[in-house]
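S.K.: Just passing along the structure, written as C-alpha cells.
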Amino acid sequence: MSEQTYESTLASYACKTGHSRGRVHGEPETAHRNPYQRDRDRIIHSTAFRRLEYKTQVFVNHEGDHYRTRLTHSIEVAQIARSICRSMHLHEDLAEAVALAHDLGHTPFGHSGQDALNAVMQPYGGFEHNRQSLRIVEELEHKYAAFTGLNLSYETREGIVKHHSTYDTPKNSDLSHYHLHEQPALEAQIGNLADEIAYNNHDIDDGYRAGMLSIDDLKGLALFGRFYEEVEQEFPDAIERLKVNETVRHMINFLIVDVIEETNHRIKDQNITSFADVREASSALVGFSKPVRRMNGEMKKFLYKNMYRHYRVARMANKAERVLREIFEVYIENPSMLPENQQHEMAEAKATDSLTKNRQARIIADYIAGMTDRYALEEHERLFNVHARP
C-alpha cells in the first residue's frame with residue numbers, strides 16, 4: 001500500500017506526513033518509506049536502542065533472564081500504541097517511533113540510576129531521562145557523515161520532549177522551539193499512555209513472578225480482582241501462574257479499549273476535526289475514563305508500596321545509586337581516568353574554550369547514562385578494586 005493510499009484511510013485529525021515540520025537537516029524523502037518509518041528504523045539501528053537490552057526496568061539484568069528490560073518494555077509499549085492507533089485510524093508509524101524512542105536516555109539501574117545521576121548533576125544542570133533521550137537523537141548518536149544525531153522528524157522528537165509519567169515530568173524550559181504550549185500529535189499522546197499501560201501490567205507480572213506480590217493481595221485490587229475472578233470461572237483447573245497470565249492479558253485489553261472509547265468521546269465532545277484542532281486543544285485528548293483512571297491509580301499505588309519499595313528492590317536501588325555516584329565522583333575529580341572517546345570530546349571543547357565545569361560534567365553524565373547495568377558494575381569494579389584490570 002502506498003503512503004498516499006494509507007493516509008487516505010486515516011482520520012482527519014491524524015498526523016499525516018504532510019503535517020510534518022520536517023527534519024533539522026533536510027534530506028530527500030524515499031519512495032518506499034514514509035518519514036516516520038525512517039525515524040523508527042533509525043531508532044532501532046541506534047546504539048542507544050541496542051543498549052536497552054541490558055538496562056533495568058525494575059530488576060537488574062543479572063537477577064534473571066525472564067524479567068522485563070528497557071528493551072522489551074519499549075517493544076511492548078510500541079505494540080500497545082500501534083494497536084490503539086490502528087483502531088482509531090491514526091498514524092501507527094509515528095506512534096511506534098515515539099514509543100521505541102521514549103526510554104533511549106534512561107540510565108542503568110532504572111529510576112534509581114536516574115535519581116542518583118540527577119543528584120550528582122544538580123550543580124551542573126541536573127539530569128532527566130526525557131531530555132537525555134532528546135540529546136541522544138539530536139547530538140550523541142554518531143552514525144551519519146552529514147550530521148550528528150539521528151535527524152528524526154520534528155513530530156517524533158516532540159513526542160520525546162512531551163513524554164511524561166509519574167516518574168518523569170518534563171523540565172524543558174530551554175526547549176521553547178518545541179512549542180511547549182501545544183499538544184503533541186494524538187499518536188504521541190497514545191505512546192505516552194501506552195507506556196503506563198505496559199509498565200503497570202508487566203510490573204504486576206514480574207512482581208508476581210519474583211514472589212514479591214501475592215495472589216491474595218492482587219485480588220484485592222479492583223482491576224486485577226475483576227478479571228482474575230472471570231479467569232477462575234473460565235479456567236478453574238488452570239495453575240495459578242497461568243491464571244495470572246490470563247488476568248494481565250485481560251487487563252491490558254480492557255485498558256486499551258477504555259482509552260479508545262474515552263479518547264473518541266473527548267474528540268467528539270471537543271469537536272476535534274483536524275490536526276490543527278489537536279494542537280490547539282487545552283489539554284491532552286488521550287486518556288482513561290474516570291472510573292478506569294481510579295482503578296489504574298489504585299494499581300499504581302499498590303505497586304509503589306508493595307513492589308517498588310520492596311526490600312529486595314530497595315537494596316539493589318541503594319547499591320545502584322552508590323555505584324553511579326562513586327563513578328561520577330571519580331570522573332569529575334580525575335577526568336584523566338575517562339576513556340579515550342570522552343577525553344577526545346573534552347579536548348575538542350577545550351580547543352574552542354568551551355570546556356566549562358558544566359560541560360565537563362555533562363560529558364561524564366552522557367557516558368554514565370549510556371552504560372548498561374553490567375557495564376556500570378564492571379566499570380565500578382575497575383575503578384575501585386585494586387585487583388581488577390584498569
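Simple scheme: letters A, B, ... for chains in C-alpha cells order, numbers from 1 for residues in each chain, numbers from 1 for ligands in the order shown.
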Any chance you could tabulate, as a Markdown table, the residues of range 259-327 of chain A at most 12 Å from range 211-230 of chain A with each one's nearest atom pair and distance in Å to one decimal, using only C-alpha atoms, in chain and rising number order?
M.R.:
| residue | atom | partner | partner_atom | distance |
| --- | --- | --- | --- | --- |
| A:Pro291 | CA | A:Leu223 | CA | 10.4 |
| A:Val292 | CA | A:Leu223 | CA | 8.3 |
| A:Arg293 | CA | A:Leu223 | CA | 10.5 |
| A:Arg294 | CA | A:Ala222 | CA | 9.4 |
| A:Met295 | CA | A:Leu223 | CA | 5.8 |
| A:Asn296 | CA | A:Leu223 | CA | 7.2 |
| A:Gly297 | CA | A:Leu223 | CA | 10.0 |
| A:Glu298 | CA | A:Leu221 | CA | 7.2 |
| A:Met299 | CA | A:Leu221 | CA | 6.6 |
| A:Lys300 | CA | A:Leu221 | CA | 10.3 |
| A:Lys301 | CA | A:Leu221 | CA | 10.4 |
| A:Phe302 | CA | A:Leu221 | CA | 8.2 |
| A:Leu303 | CA | A:Leu213 | CA | 8.8 |
| A:Tyr304 | CA | A:Leu213 | CA | 11.6 |
| A:Lys305 | CA | A:Leu213 | CA | 10.7 |
| A:Asn306 | CA | A:Leu213 | CA | 7.0 |
| A:Met307 | CA | A:Met212 | CA | 6.4 |
| A:Tyr308 | CA | A:Met212 | CA | 9.8 |
| A:Arg309 | CA | A:Met212 | CA | 10.4 |
| A:His310 | CA | A:Met212 | CA | 7.3 |
| A:Tyr311 | CA | A:Met212 | CA | 9.5 |
| A:Arg312 | CA | A:Met212 | CA | 8.7 |
| A:Val313 | CA | A:Met212 | CA | 9.6 |
S.K.: Using the selection just defined, write its residues with C-alpha atoms as a short mmCIF file (atom, residue, chain, number, x, y, z; two decimals), in the first residue's frame.
M.R.:
data_model
loop_
_atom_site.label_atom_id
_atom_site.label_comp_id
_atom_site.auth_asym_id
_atom_site.auth_seq_id
_atom_site.Cartn_x
_atom_site.Cartn_y
_atom_site.Cartn_z
CA PRO A 291 -13.70 5.04 36.71
CA VAL A 292 -10.79 3.33 34.98
CA ARG A 293 -8.40 6.12 35.97
CA ARG A 294 -9.33 5.43 39.60
CA MET A 295 -8.75 1.69 39.22
CA ASN A 296 -5.47 2.24 37.43
CA GLY A 297 -4.41 4.72 40.10
CA GLU A 298 -5.14 2.14 42.79
CA MET A 299 -2.91 -0.34 40.99
CA LYS A 300 -0.08 2.21 40.70
CA LYS A 301 -0.22 2.99 44.42
CA PHE A 302 -0.23 -0.73 45.21
CA LEU A 303 2.85 -1.32 43.06
CA TYR A 304 4.66 1.62 44.60
CA LYS A 305 4.07 0.35 48.12
CA ASN A 306 4.45 -3.39 47.60
CA MET A 307 6.97 -3.69 44.78
CA TYR A 308 8.99 -0.55 44.13
CA ARG A 309 9.51 -0.17 47.90
CA HIS A 310 10.04 -3.90 48.50
CA TYR A 311 13.21 -4.50 50.50
CA ARG A 312 14.80 -6.51 47.66
CA VAL A 313 14.26 -3.69 45.18
#
S.K.: Per residue of range 125-233 of chain A within 10 Å of range 74-85 of chain A, note the shortest atom pair and the distance in Å to one decimal, counting only C-alpha atoms, and order the rows by chain and increasing residue number, as a Markdown table.
M.R.:
| residue | atom | partner | partner_atom | distance |
| --- | --- | --- | --- | --- |
| A:Leu186 | CA | A:Cys85 | CA | 8.8 |
| A:Glu187 | CA | A:Cys85 | CA | 6.9 |
| A:Ala188 | CA | A:Ala81 | CA | 8.9 |
| A:Gln189 | CA | A:Ala81 | CA | 9.4 |
| A:Ile190 | CA | A:Ala81 | CA | 5.9 |
| A:Gly191 | CA | A:Ala81 | CA | 5.3 |
| A:Asn192 | CA | A:Ala81 | CA | 8.6 |
| A:Leu193 | CA | A:Ala81 | CA | 8.2 |
| A:Ala194 | CA | A:Val77 | CA | 5.3 |
| A:Asp195 | CA | A:Val77 | CA | 5.2 |
| A:Glu196 | CA | A:Val77 | CA | 8.4 |
| A:Ile197 | CA | A:Val77 | CA | 7.9 |
| A:Ala198 | CA | A:Val77 | CA | 5.8 |
| A:Tyr199 | CA | A:Val77 | CA | 8.4 |
| A:His202 | CA | A:Glu76 | CA | 9.2 |
S.K.: Could you write out that same residue set with N, CA and C atoms as a short mmCIF file (atom, residue, chain, number, x, y, z; two decimals), in the first residue's frame?
M.R.:
data_model
loop_
_atom_site.label_atom_id
_atom_site.label_comp_id
_atom_site.auth_asym_id
_atom_site.auth_seq_id
_atom_site.Cartn_x
_atom_site.Cartn_y
_atom_site.Cartn_z
N LEU A 186 -1.86 13.18 18.45
CA LEU A 186 -2.55 12.11 19.17
C LEU A 186 -1.69 10.85 19.24
N GLU A 187 -0.93 10.60 18.18
CA GLU A 187 -0.08 9.42 18.14
C GLU A 187 0.96 9.45 19.26
N ALA A 188 1.52 10.65 19.53
CA ALA A 188 2.49 10.78 20.61
C ALA A 188 1.81 10.66 21.96
N GLN A 189 0.60 11.23 22.09
CA GLN A 189 -0.14 11.08 23.33
C GLN A 189 -0.46 9.62 23.62
N ILE A 190 -0.77 8.89 22.58
CA ILE A 190 -1.05 7.45 22.74
C ILE A 190 0.21 6.71 23.17
N GLY A 191 1.35 7.06 22.59
CA GLY A 191 2.60 6.45 23.02
C GLY A 191 2.86 6.69 24.49
N ASN A 192 2.49 7.87 24.97
CA ASN A 192 2.68 8.22 26.37
C ASN A 192 1.83 7.33 27.28
N LEU A 193 0.55 7.16 26.94
CA LEU A 193 -0.33 6.36 27.78
C LEU A 193 -0.05 4.87 27.63
N ALA A 194 0.40 4.46 26.44
CA ALA A 194 0.77 3.06 26.23
C ALA A 194 1.92 2.67 27.16
N ASP A 195 2.80 3.62 27.45
CA ASP A 195 3.90 3.39 28.39
C ASP A 195 3.34 3.02 29.76
N GLU A 196 2.35 3.76 30.22
CA GLU A 196 1.76 3.49 31.53
C GLU A 196 1.04 2.15 31.55
N ILE A 197 0.30 1.85 30.50
CA ILE A 197 -0.39 0.55 30.43
C ILE A 197 0.62 -0.59 30.50
N ALA A 198 1.71 -0.44 29.76
CA ALA A 198 2.71 -1.50 29.70
C ALA A 198 3.39 -1.72 31.03
N TYR A 199 3.91 -0.63 31.65
CA TYR A 199 4.72 -0.87 32.84
C TYR A 199 3.86 -1.27 34.04
N HIS A 202 3.03 -5.13 33.24
CA HIS A 202 4.15 -6.08 33.28
C HIS A 202 4.86 -6.05 34.62
#
S.K.: Tell me which of A:Val278, A:Leu377, A:Val248, A:Ala320 sits closest to His111 in chain A, counting only C-alpha atoms.
M.R.: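 That would be A:Ala320, the residue with the smallest distance to His111 in chain A.
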S.K.: Extract, using only C-alpha atoms, all DNA, RNA and protein residues at most 10 Å from Thr17 in chain A, discarding same-chain residues fewer than 3 positions from it, and format them as a list in words.
M.R.: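 With the cut-off at 10 Å, the set is Glu3, Gln4, Glu7, Ala14, Ser20, Arg21, Gly22, Asn34, Pro35, Tyr36, His91, Leu94, Ser153 and Glu155 of chain A.
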S.K.: Which residues are near Pro123 in chain A? Cut-off 10 Å, only C-alpha atoms, ignore same chain within fewer than 3 positions. Put them as a ChimeraX atom specification.
M.R.: /A:118-120,126,357-358,361
S.K.: Using only C-alpha atoms, determine which residues lie at most 7 Å from Glu321 in chain A, disregarding the query and same-chain residues fewer than 3 positions distant; provide the list as a ChimeraX atom specification.
M.R.: /A:112-113,116,317-318,324-325
S.K.: With N, CA and C atoms retained, could you export that selection as a short mmCIF file (atom, residue, chain, number, x, y, z; two decimals), in the first residue's frame?
M.R.:
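Wrote result06.cif, looks like this:
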data_model
loop_
_atom_site.label_atom_id
_atom_site.label_comp_id
_atom_site.auth_asym_id
_atom_site.auth_seq_id
_atom_site.Cartn_x
_atom_site.Cartn_y
_atom_site.Cartn_z
N SER A 112 16.26 4.38 39.90
CA SER A 112 17.28 4.60 40.94
C SER A 112 18.52 5.22 40.33
N GLY A 113 18.91 4.73 39.14
CA GLY A 113 20.06 5.30 38.45
C GLY A 113 19.82 6.73 38.04
N ALA A 116 20.07 8.95 41.10
CA ALA A 116 21.47 9.12 41.53
C ALA A 116 22.20 10.09 40.62
N ALA A 317 18.49 -0.91 44.67
CA ALA A 317 18.46 0.52 44.32
C ALA A 317 19.55 1.27 45.07
N ASN A 318 19.73 0.94 46.35
CA ASN A 318 20.75 1.58 47.15
C ASN A 318 22.14 1.29 46.60
N LEU A 324 26.72 4.47 40.80
CA LEU A 324 26.76 5.59 39.86
C LEU A 324 27.33 6.85 40.50
N ARG A 325 27.00 7.07 41.76
CA ARG A 325 27.53 8.26 42.44
C ARG A 325 29.06 8.19 42.55
#
S.K.: Excluding range 10-13 of chain A and its own-chain neighbours fewer than 6 positions away, which residues fall within 8 Å of it when counting only C-alpha atoms? Please give them as a count of residues only.
M.R.: 11
S.K.: How far is it from CA of Cys15 in chain A to CA of Arg249 in chain A, in Å with one decimal?
M.R.: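 Value for the CA of Cys15 in chain A-CA of Arg249 in chain A distance: 29.3 Å.
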S.K.: Please provide as an MDAnalysis selection string all residues within 12 Å of Pro335 in chain A, with the sequence filter that same-chain residues fewer than 3 positions apart are discarded (counting only C-alpha atoms).
M.R.: chainID A and resid 327:332 338:347 355 357 360:361 363:364
S.K.: Report the distance between CA of Thr47 in chain A and CA of Gly370 in chain A in Å, rounded to one decimal place.
M.R.: 9.3 Å
S.K.: Among range 150-246 of chain A, which residues carry a DSSP assignment of alpha helix (DSSP H), reported as a PyMOL selection string?
M.R.: chain A and resi 154-161+186-209+215-219+222-234+240-246
S.K.: To one decimal place, how far is CA of Glu182 in chain A from CA of Ala281 in chain A in Å?
M.R.: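 Distance between the two atoms: 7.7 Å.
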S.K.: For a quick check of understanding, using only C-alpha atoms, which of A:Leu104, A:Leu71, A:Ile260, A:Ile204 has the smallest distance to Leu140 in chain A?
M.R.: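 Closest to Leu140 in chain A of all the choices is A:Leu104.
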